$ cat input_21.cif   # mmCIF, C-alpha atoms and all ligand atoms
data_final
loop_
_atom_site.group_PDB
_atom_site.id
_atom_site.type_symbol
_atom_site.label_atom_id
_atom_site.label_comp_id
_atom_site.auth_asym_id
_atom_site.auth_seq_id
_atom_site.Cartn_x
_atom_site.Cartn_y
_atom_site.Cartn_z
ATOM 1 C CA MET J 29 -135.977 -38.460 145.535
ATOM 2 C CA SER J 30 -132.692 -38.728 147.413
ATOM 3 C CA LEU J 31 -129.963 -40.811 145.799
ATOM 4 C CA GLU J 32 -128.088 -41.285 149.044
ATOM 5 C CA PRO J 33 -128.035 -44.864 150.295
ATOM 6 C CA LYS J 34 -130.244 -45.233 153.325
ATOM 7 C CA GLN J 35 -128.290 -46.139 156.427
ATOM 8 C CA MET J 36 -129.760 -49.100 158.200
ATOM 9 C CA PRO J 37 -130.789 -48.214 161.783
ATOM 10 C CA VAL J 38 -128.002 -49.121 164.203
ATOM 11 C CA GLN J 39 -130.382 -51.349 166.188
ATOM 12 C CA TYR J 40 -130.862 -53.584 163.128
ATOM 13 C CA ILE J 41 -127.121 -53.615 162.342
ATOM 14 C CA LEU J 42 -126.284 -54.682 165.904
ATOM 15 C CA GLY J 43 -129.175 -57.138 165.900
ATOM 16 C CA GLU J 44 -130.024 -56.338 169.506
ATOM 17 C CA TRP J 45 -130.973 -53.376 171.632
ATOM 18 C CA ASP J 46 -131.487 -52.610 175.308
ATOM 19 C CA PHE J 47 -134.886 -51.753 176.693
ATOM 20 C CA GLN J 48 -135.482 -51.384 180.431
ATOM 21 C CA GLY J 49 -132.283 -53.311 181.113
ATOM 22 C CA LEU J 50 -133.294 -56.225 178.864
ATOM 23 C CA SER J 51 -131.297 -57.108 175.784
ATOM 24 C CA LEU J 52 -133.803 -57.709 172.971
ATOM 25 C CA LYS J 53 -133.159 -59.138 169.544
ATOM 26 C CA MET J 54 -133.967 -56.628 166.765
ATOM 27 C CA ALA J 55 -134.695 -57.462 163.141
ATOM 28 C CA PRO J 56 -136.202 -55.470 160.279
ATOM 29 C CA PRO J 57 -139.010 -54.604 159.724
ATOM 30 C CA VAL J 58 -140.138 -54.940 163.342
ATOM 31 C CA PHE J 59 -140.611 -51.590 165.096
ATOM 32 C CA ILE J 60 -137.564 -50.538 167.154
ATOM 33 C CA PRO J 61 -138.553 -49.592 170.713
ATOM 34 C CA ARG J 62 -137.897 -45.909 171.416
ATOM 35 C CA PRO J 63 -136.545 -44.509 174.687
ATOM 36 C CA GLU J 64 -139.813 -42.653 175.469
ATOM 37 C CA THR J 65 -141.616 -45.995 175.609
ATOM 38 C CA GLU J 66 -139.446 -46.886 178.607
ATOM 39 C CA GLU J 67 -141.214 -44.019 180.390
ATOM 40 C CA LEU J 68 -144.570 -45.595 179.555
ATOM 41 C CA VAL J 69 -143.411 -48.860 181.133
ATOM 42 C CA GLU J 70 -142.159 -46.995 184.226
ATOM 43 C CA TRP J 71 -145.542 -45.299 184.620
ATOM 44 C CA VAL J 72 -147.380 -48.625 184.401
ATOM 45 C CA LEU J 73 -145.019 -50.130 186.991
ATOM 46 C CA GLU J 74 -145.574 -47.180 189.353
ATOM 47 C CA GLU J 75 -149.347 -47.505 189.092
ATOM 48 C CA VAL J 76 -149.353 -51.271 189.543
ATOM 49 C CA THR J 77 -147.110 -51.042 192.603
ATOM 50 C CA GLN J 78 -149.175 -48.247 194.139
ATOM 51 C CA ARG J 79 -152.443 -50.016 193.484
ATOM 52 C CA SER J 80 -151.489 -53.467 194.644
ATOM 53 C CA HIS J 81 -155.207 -54.313 194.567
ATOM 54 C CA VAL J 82 -154.836 -54.359 190.771
ATOM 55 C CA VAL J 83 -154.446 -58.096 190.707
ATOM 56 C CA GLY J 84 -155.916 -60.955 188.798
ATOM 57 C CA ALA J 85 -157.288 -64.202 190.143
ATOM 58 C CA GLN J 86 -153.838 -65.823 190.114
ATOM 59 C CA GLY J 87 -152.272 -63.087 192.228
ATOM 60 C CA GLY J 88 -150.802 -60.792 189.576
ATOM 61 C CA PRO J 89 -152.231 -58.444 187.003
ATOM 62 C CA LEU J 90 -153.493 -59.834 183.718
ATOM 63 C CA ILE J 91 -152.204 -57.477 181.044
ATOM 64 C CA LEU J 92 -153.017 -57.117 177.355
ATOM 65 C CA GLU J 93 -150.511 -55.462 175.072
ATOM 66 C CA VAL J 94 -151.753 -54.416 171.642
ATOM 67 C CA GLY J 95 -149.022 -54.096 169.001
ATOM 68 C CA CYS J 96 -146.199 -55.886 170.806
ATOM 69 C CA GLY J 97 -143.544 -55.467 168.063
ATOM 70 C CA SER J 98 -140.322 -56.937 169.463
ATOM 71 C CA GLY J 99 -142.037 -57.623 172.810
ATOM 72 C CA ALA J 100 -140.300 -54.739 174.597
ATOM 73 C CA ILE J 101 -143.248 -53.531 176.710
ATOM 74 C CA SER J 102 -144.682 -56.963 177.516
ATOM 75 C CA LEU J 103 -141.356 -58.544 178.404
ATOM 76 C CA SER J 104 -140.184 -55.674 180.583
ATOM 77 C CA LEU J 105 -143.498 -55.730 182.492
ATOM 78 C CA LEU J 106 -143.233 -59.505 182.912
ATOM 79 C CA SER J 107 -139.666 -59.281 184.145
ATOM 80 C CA GLN J 108 -140.475 -56.588 186.697
ATOM 81 C CA LEU J 109 -143.842 -57.948 187.846
ATOM 82 C CA PRO J 110 -143.129 -61.580 188.712
ATOM 83 C CA GLN J 111 -146.811 -62.393 189.332
ATOM 84 C CA SER J 112 -148.091 -60.860 186.118
ATOM 85 C CA ARG J 113 -149.383 -62.610 183.014
ATOM 86 C CA VAL J 114 -149.427 -61.001 179.594
ATOM 87 C CA ILE J 115 -151.333 -61.509 176.374
ATOM 88 C CA ALA J 116 -149.364 -59.844 173.586
ATOM 89 C CA VAL J 117 -150.919 -59.350 170.157
ATOM 90 C CA ASP J 118 -149.645 -57.901 166.915
ATOM 91 C CA LYS J 119 -150.974 -57.870 163.356
ATOM 92 C CA GLY J 120 -147.489 -58.500 161.900
ATOM 93 C CA GLU J 121 -146.131 -62.012 161.611
ATOM 94 C CA ALA J 122 -142.502 -60.824 161.903
ATOM 95 C CA ALA J 123 -143.385 -59.067 165.171
ATOM 96 C CA ILE J 124 -145.042 -62.165 166.595
ATOM 97 C CA CYS J 125 -141.976 -64.276 165.738
ATOM 98 C CA LEU J 126 -139.616 -61.751 167.291
ATOM 99 C CA THR J 127 -141.662 -61.463 170.490
ATOM 100 C CA HIS J 128 -141.563 -65.288 170.721
ATOM 101 C CA GLU J 129 -137.787 -65.287 170.248
ATOM 102 C CA ASN J 130 -137.273 -62.546 172.809
ATOM 103 C CA ALA J 131 -139.532 -64.270 175.338
ATOM 104 C CA GLN J 132 -137.423 -67.447 174.976
ATOM 105 C CA ARG J 133 -134.182 -65.503 175.118
ATOM 106 C CA LEU J 134 -135.243 -63.939 178.431
ATOM 107 C CA GLN J 135 -136.892 -67.129 179.708
ATOM 108 C CA LEU J 136 -140.199 -65.350 180.142
ATOM 109 C CA GLN J 137 -142.191 -67.578 177.799
ATOM 110 C CA ASP J 138 -144.227 -69.235 180.586
ATOM 111 C CA ARG J 139 -146.275 -66.166 181.502
ATOM 112 C CA ILE J 140 -146.887 -64.766 178.030
ATOM 113 C CA ARG J 141 -149.392 -65.724 175.347
ATOM 114 C CA ILE J 142 -148.476 -64.287 171.949
ATOM 115 C CA MET J 143 -151.143 -64.041 169.254
ATOM 116 C CA LEU J 144 -151.233 -62.881 165.644
ATOM 117 C CA LEU J 145 -154.238 -60.579 165.709
ATOM 118 C CA ASP J 146 -155.430 -57.341 164.135
ATOM 119 C CA VAL J 147 -157.656 -55.600 166.671
ATOM 120 C CA THR J 148 -159.221 -53.434 163.960
ATOM 121 C CA LEU J 149 -160.848 -56.482 162.349
ATOM 122 C CA GLU J 150 -164.413 -57.269 163.239
ATOM 123 C CA GLY J 151 -164.749 -60.122 165.689
ATOM 124 C CA SER J 152 -161.175 -59.868 167.024
ATOM 125 C CA TRP J 153 -162.682 -59.470 170.526
ATOM 126 C CA ALA J 154 -163.757 -63.124 170.460
ATOM 127 C CA HIS J 155 -160.113 -64.237 170.839
ATOM 128 C CA PHE J 156 -160.010 -62.780 174.339
ATOM 129 C CA VAL J 157 -163.095 -64.489 175.733
ATOM 130 C CA PRO J 158 -161.196 -67.437 177.285
ATOM 131 C CA TRP J 159 -159.040 -65.086 179.352
ATOM 132 C CA GLY J 160 -161.740 -63.265 181.288
ATOM 133 C CA PRO J 161 -161.563 -59.603 182.226
ATOM 134 C CA MET J 162 -158.197 -57.852 182.144
ATOM 135 C CA ASP J 163 -156.555 -55.613 184.733
ATOM 136 C CA LEU J 164 -154.569 -53.533 182.264
ATOM 137 C CA VAL J 165 -154.318 -52.739 178.576
ATOM 138 C CA VAL J 166 -151.031 -51.218 177.401
ATOM 139 C CA SER J 167 -150.094 -50.047 173.940
ATOM 140 C CA ASN J 168 -147.677 -48.027 171.903
ATOM 141 C CA PRO J 169 -149.949 -48.137 168.859
ATOM 142 C CA PRO J 170 -149.290 -46.809 165.374
ATOM 143 C CA TYR J 171 -150.136 -43.159 166.070
ATOM 144 C CA VAL J 172 -148.270 -41.077 163.467
ATOM 145 C CA PHE J 173 -150.674 -38.837 161.506
ATOM 146 C CA HIS J 174 -150.695 -40.149 157.955
ATOM 147 C CA GLN J 175 -149.523 -36.830 156.487
ATOM 148 C CA ASP J 176 -146.521 -36.853 158.882
ATOM 149 C CA MET J 177 -145.245 -40.213 157.644
ATOM 150 C CA GLU J 178 -143.194 -38.500 154.934
ATOM 151 C CA GLN J 179 -141.345 -36.489 157.550
ATOM 152 C CA LEU J 180 -140.019 -39.540 159.379
ATOM 153 C CA ALA J 181 -136.268 -40.121 159.064
ATOM 154 C CA PRO J 182 -135.393 -41.891 155.779
ATOM 155 C CA GLU J 183 -133.866 -44.885 157.559
ATOM 156 C CA ILE J 184 -137.116 -45.378 159.466
ATOM 157 C CA ARG J 185 -139.170 -45.167 156.282
ATOM 158 C CA SER J 186 -136.871 -47.586 154.467
ATOM 159 C CA TYR J 187 -136.575 -50.268 157.118
ATOM 160 C CA GLU J 188 -139.402 -50.146 159.665
ATOM 161 C CA ASP J 189 -142.857 -51.538 158.971
ATOM 162 C CA PRO J 190 -145.063 -48.488 158.202
ATOM 163 C CA ALA J 191 -148.040 -50.398 159.613
ATOM 164 C CA ALA J 192 -146.439 -50.036 163.064
ATOM 165 C CA LEU J 193 -146.299 -46.248 162.677
ATOM 166 C CA ASP J 194 -149.114 -44.972 160.447
ATOM 167 C CA GLY J 195 -152.224 -44.266 162.516
ATOM 168 C CA GLY J 196 -154.305 -42.862 159.655
ATOM 169 C CA GLU J 197 -155.558 -39.350 159.059
ATOM 170 C CA GLU J 198 -155.540 -38.208 162.694
ATOM 171 C CA GLY J 199 -153.358 -41.026 164.010
ATOM 172 C CA MET J 200 -156.441 -42.485 165.727
ATOM 173 C CA ASP J 201 -157.376 -45.432 163.486
ATOM 174 C CA VAL J 202 -155.959 -48.120 165.753
ATOM 175 C CA ILE J 203 -156.349 -46.154 169.001
ATOM 176 C CA THR J 204 -160.164 -45.987 168.704
ATOM 177 C CA HIS J 205 -160.332 -49.744 168.198
ATOM 178 C CA ILE J 206 -158.091 -50.340 171.207
ATOM 179 C CA LEU J 207 -160.340 -48.126 173.334
ATOM 180 C CA ALA J 208 -163.557 -49.858 172.260
ATOM 181 C CA LEU J 209 -161.998 -53.281 172.816
ATOM 182 C CA ALA J 210 -160.493 -52.300 176.165
ATOM 183 C CA SER J 211 -163.784 -50.908 177.422
ATOM 184 C CA TRP J 212 -165.257 -54.352 176.896
ATOM 185 C CA LEU J 213 -162.240 -56.339 178.155
ATOM 186 C CA LEU J 214 -161.302 -54.407 181.256
ATOM 187 C CA LYS J 215 -162.447 -55.059 184.776
ATOM 188 C CA ASP J 216 -164.290 -52.228 186.485
ATOM 189 C CA SER J 217 -161.647 -49.594 187.311
ATOM 190 C CA GLY J 218 -159.167 -51.345 185.009
ATOM 191 C CA SER J 219 -156.656 -49.108 183.246
ATOM 192 C CA ILE J 220 -155.378 -48.378 179.761
ATOM 193 C CA PHE J 221 -151.906 -46.883 179.301
ATOM 194 C CA LEU J 222 -151.125 -45.490 175.854
ATOM 195 C CA GLU J 223 -148.271 -43.748 174.135
ATOM 196 C CA VAL J 224 -149.614 -41.134 171.715
ATOM 197 C CA ASP J 225 -148.834 -38.070 169.626
ATOM 198 C CA PRO J 226 -148.823 -34.762 171.544
ATOM 199 C CA ARG J 227 -152.036 -33.755 169.705
ATOM 200 C CA HIS J 228 -153.843 -36.848 170.929
ATOM 201 C CA PRO J 229 -154.634 -36.041 174.567
ATOM 202 C CA GLU J 230 -157.139 -33.433 173.367
ATOM 203 C CA LEU J 231 -158.438 -35.478 170.439
ATOM 204 C CA ILE J 232 -158.853 -38.625 172.507
ATOM 205 C CA GLY J 233 -160.411 -36.671 175.397
ATOM 206 C CA SER J 234 -163.153 -35.347 173.106
ATOM 207 C CA TRP J 235 -163.569 -38.696 171.346
ATOM 208 C CA LEU J 236 -164.188 -40.360 174.724
ATOM 209 C CA GLN J 237 -166.750 -37.703 175.603
ATOM 210 C CA SER J 238 -168.583 -38.524 172.386
ATOM 211 C CA ARG J 239 -168.610 -42.215 173.416
ATOM 212 C CA PRO J 240 -170.099 -42.329 176.933
ATOM 213 C CA ASP J 241 -171.162 -45.917 176.155
ATOM 214 C CA LEU J 242 -167.515 -46.959 176.567
ATOM 215 C CA SER J 243 -167.416 -45.840 180.249
ATOM 216 C CA LEU J 244 -163.816 -44.687 179.870
ATOM 217 C CA ASP J 245 -162.319 -41.571 181.448
ATOM 218 C CA LEU J 246 -159.047 -39.890 180.602
ATOM 219 C CA VAL J 247 -157.611 -39.617 184.117
ATOM 220 C CA ALA J 248 -154.017 -38.456 183.544
ATOM 221 C CA VAL J 249 -151.620 -37.210 180.876
ATOM 222 C CA ARG J 250 -147.837 -37.404 181.267
ATOM 223 C CA ARG J 251 -145.100 -35.634 179.352
ATOM 224 C CA ASP J 252 -142.092 -37.385 177.847
ATOM 225 C CA PHE J 253 -138.482 -36.385 178.544
ATOM 226 C CA CYS J 254 -138.781 -33.717 175.832
ATOM 227 C CA GLY J 255 -141.729 -32.140 177.660
ATOM 228 C CA ARG J 256 -144.350 -33.260 175.124
ATOM 229 C CA PRO J 257 -147.658 -34.722 176.344
ATOM 230 C CA ARG J 258 -147.054 -38.307 175.301
ATOM 231 C CA PHE J 259 -148.678 -40.801 177.663
ATOM 232 C CA LEU J 260 -152.307 -41.318 178.663
ATOM 233 C CA HIS J 261 -153.900 -43.131 181.557
ATOM 234 C CA ILE J 262 -157.514 -43.956 180.775
ATOM 235 C CA GLN J 263 -159.659 -45.750 183.301
ATOM 236 C CA ARG J 264 -162.837 -47.745 183.054
ATOM 237 C CA SER J 265 -165.462 -46.465 185.434
ATOM 238 C CA GLY J 266 -167.085 -48.704 187.998
ATOM 239 C CA PRO J 267 -170.089 -50.926 187.314
ATOM 240 C CA GLN J 268 -172.788 -49.152 185.343
ATOM 241 C CA HIS J 269 -175.062 -49.596 182.362
ATOM 242 C CA GLY J 270 -176.268 -52.768 184.098
ATOM 243 C CA CYS J 271 -173.050 -54.573 183.163
ATOM 244 C CA PRO J 272 -171.534 -56.013 186.348
ATOM 245 C CA THR J 273 -168.292 -57.948 186.097
ATOM 246 C CA ASP J 274 -170.000 -61.260 186.771
ATOM 247 C CA ALA J 275 -171.954 -60.768 183.539
ATOM 248 C CA TRP J 276 -168.672 -60.710 181.613
ATOM 249 C CA PRO J 277 -168.326 -61.150 178.758
ATOM 250 C CA GLY J 278 -171.205 -59.137 177.365
ATOM 251 C CA PRO J 279 -172.538 -59.979 173.908
ATOM 252 C CA GLN J 280 -169.811 -58.102 172.013
ATOM 253 C CA PRO J 281 -167.808 -54.916 172.326
ATOM 254 C CA PRO J 282 -169.109 -51.538 171.183
ATOM 255 C CA ARG J 283 -168.343 -50.897 167.564
ATOM 256 C CA VAL J 284 -166.119 -48.247 166.100
ATOM 257 C CA PRO J 285 -167.777 -46.769 163.042
ATOM 258 C CA GLY J 286 -165.746 -46.624 159.832
HETATM 259 N N1 LIG J 301 -142.474 -42.362 168.327
HETATM 260 C C1 LIG J 301 -142.487 -43.004 167.058
HETATM 261 C C2 LIG J 301 -141.847 -42.127 165.992
HETATM 262 O O1 LIG J 301 -142.130 -40.961 165.947
HETATM 263 C C3 LIG J 301 -143.888 -43.374 166.634
HETATM 264 C C4 LIG J 301 -144.319 -44.517 167.416
HETATM 265 C C5 LIG J 301 -145.637 -45.041 167.066
HETATM 266 O O2 LIG J 301 -146.290 -44.716 166.066
HETATM 267 N N2 LIG J 301 -146.071 -45.857 167.920
HETATM 268 O O3 LIG J 301 -141.078 -42.634 165.204
#
$ encode --input "input_21.cif" --output "structure tokens" --more "lines below"
Ligand code: GLN
Amino acid sequence: MSLEPKQMPVQYILGEWDFQGLSLKMAPPVFIPRPETEELVEWVLEEVTQRSHVVGAQGGPLILEVGCGSGAISLSLLSQLPQSRVIAVDKGEAAICLTHENAQRLQLQDRIRIMLLDVTLEGSWAHFVPWGPMDLVVSNPPYVFHQDMEQLAPEIRSYEDPAALDGGEEGMDVITHILALASWLLKDSGSIFLEVDPRHPELIGSWLQSRPDLSLDLVAVRRDFCGRPRFLHIQRSGPQHGCPTDAWPGPQPPRVPG
């Protein structure tokens, strides 16, 4: 065990940090947004602008963010897509409070609904029923392989909530739940954008092949600024399995075993 005092991350010392040109309040133990996640947001913005047909009934996309942390992804999408509406969920109370504070700080609170919710718990899908089908699901989930947690920088391990980082044995524990939920929530041709570990594109690709019932295809992988495959675009295929959009919501989403 190291006897050196752990330096608090600079973002927590300053109490605020920039993300996509927005100044966000930061407070331990809420996950500090990393620069690569800005690339995820840029990719989502590119896709939404290119596919302007990706719109909800009220004229802008309806977006779900799973694991909102400080609100960085949701609030930057809201600020750059003036017609969009966002539902932001997190299983941590501190994260929910901070997203609320940041939404107020940026005066974006009118188009965001923030909910304390753990998507890995059975029945969590029921909370989304009132919203109807979504255009997009975005997440930077906990994806660190459990055995890699020890290798994270000491200041991260001492101050950041491990629940925002630890994705279980293969880093997929939360990701598989997001995929099953998204398959049920998304409109036909709706999209999921995820930040993942560089080993995940292959793992998630084969997991999706083993779950044809989800009707999800891995359509693109993007590298981060370090050249590592880091971002996934997964799309829901068109109407099939006798489940047209007007039958939404179906009885309940497909289950993730375990
Ligand atoms: N990129 C983060 C890190 O390595 C992990 C982010 C996450 O699990 N969502 O610290």
$ closest_residue --input "input_21.cif" --among "J:Trp212, J:Val76, J:Pro37, J:Ser104" --to "Phe156 (chain J)" --atoms "all atoms listed in the file"
J:Trp212
$ closest_residue --input "input_21.cif" --among "J:Gln78, J:Thr127, J:Gln108, J:Thr148" --to "Gly49 (chain J)" --atoms "only C-alpha atoms"
J:Gln108
$ residues_around --input "input_21.cif" --residues "Arg139 (chain J)" --least-positions-apart "2" --cutoff "12 Å" --atoms "all atoms listed in the file" --output "VMD selection string"
chain J and resid 86 88 to 91 102 to 103 105 to 107 109 to 116 128 131 to 132 134 to 137 141 to 142
$ residues_near_ligand --input "input_21.cif" --ligand "ligand LIG 301 (chain J)" --cutoff "8 Å" --atoms "only C-alpha atoms and all ligand atoms" --output "ChimeraX atom specification"
/J:62,64,168-172,180,184,192-195,223-225
$ write_last_selection --input "input_21.cif" --atoms "C-alpha atoms" --output "mmCIF file, in the coordinates of the input"
data_model
loop_
_atom_site.group_PDB
_atom_site.id
_atom_site.type_symbol
_atom_site.label_atom_id
_atom_site.label_comp_id
_atom_site.auth_asym_id
_atom_site.auth_seq_id
_atom_site.Cartn_x
_atom_site.Cartn_y
_atom_site.Cartn_z
ATOM 1 C CA ARG J 62 -137.897 -45.909 171.416
ATOM 2 C CA GLU J 64 -139.813 -42.653 175.469
ATOM 3 C CA ASN J 168 -147.677 -48.027 171.903
ATOM 4 C CA PRO J 169 -149.949 -48.137 168.859
ATOM 5 C CA PRO J 170 -149.290 -46.809 165.374
ATOM 6 C CA TYR J 171 -150.136 -43.159 166.070
ATOM 7 C CA VAL J 172 -148.270 -41.077 163.467
ATOM 8 C CA LEU J 180 -140.019 -39.540 159.379
ATOM 9 C CA ILE J 184 -137.116 -45.378 159.466
ATOM 10 C CA ALA J 192 -146.439 -50.036 163.064
ATOM 11 C CA LEU J 193 -146.299 -46.248 162.677
ATOM 12 C CA ASP J 194 -149.114 -44.972 160.447
ATOM 13 C CA GLY J 195 -152.224 -44.266 162.516
ATOM 14 C CA GLU J 223 -148.271 -43.748 174.135
ATOM 15 C CA VAL J 224 -149.614 -41.134 171.715
ATOM 16 C CA ASP J 225 -148.834 -38.070 169.626
#
$ resolve_selection --input "input_21.cif" --expression "the PyMOL selection byres (((chain J and resi 97) around 8) and not hetatm)" --output "compact mmCIF listing (two decimals) with C-alpha atoms, keeping the file's coordinate frame"
# COMPACT_ATOMS: atom_id res chain seq x y z
CA VAL J 58 -140.14 -54.94 163.34
CA PHE J 59 -140.61 -51.59 165.10
CA ILE J 60 -137.56 -50.54 167.15
CA GLY J 95 -149.02 -54.10 169.00
CA CYS J 96 -146.20 -55.89 170.81
CA SER J 98 -140.32 -56.94 169.46
CA GLY J 99 -142.04 -57.62 172.81
CA ALA J 100 -140.30 -54.74 174.60
CA ASP J 118 -149.65 -57.90 166.92
CA GLY J 120 -147.49 -58.50 161.90
CA ALA J 123 -143.38 -59.07 165.17
CA ILE J 124 -145.04 -62.16 166.60
CA LEU J 126 -139.62 -61.75 167.29
CA THR J 127 -141.66 -61.46 170.49
CA ALA J 192 -146.44 -50.04 163.06
$ resolve_selection --input "input_21.cif" --expression "the PyMOL selection byres (((chain J and resi 218) around 6) and not hetatm)" --output "list in words"
Asp163, Leu164, Leu214, Lys215, Asp216, Ser217, Ser219, Gln263 and Arg264 of chain J
$ write_last_selection --input "input_21.cif" --atoms "C-alpha atoms" --output "compact mmCIF listing (two decimals), in the coordinates of the input"
# COMPACT_ATOMS: atom_id res chain seq x y z
CA ASP J 163 -156.56 -55.61 184.73
CA LEU J 164 -154.57 -53.53 182.26
CA LEU J 214 -161.30 -54.41 181.26
CA LYS J 215 -162.45 -55.06 184.78
CA ASP J 216 -164.29 -52.23 186.48
CA SER J 217 -161.65 -49.59 187.31
CA SER J 219 -156.66 -49.11 183.25
CA GLN J 263 -159.66 -45.75 183.30
CA ARG J 264 -162.84 -47.74 183.05
$ residues_near_point --input "input_21.cif" --point "(-155.7, -51.9, 168.6)" --cutoff "8 Å" --atoms "all atoms listed in the file" --output "ChimeraX atom specification"
/J:94-95,146-148,167,169,202-207,209
$ atom_distance --input "input_21.cif" --atom1 "CA of Ala191 (chain J)" --atom2 "CA of Pro229 (chain J)"
21.8 Å
$ atom_distance --input "input_21.cif" --atom1 "CA of Leu68 (chain J)" --atom2 "CA of Leu231 (chain J)"
19.4 Å
$ closest_residue --input "input_21.cif" --among "J:Leu149, J:Leu52, J:Leu242, J:Ile101" --to "Leu73 (chain J)" --atoms "all atoms listed in the file"
J:Ile101
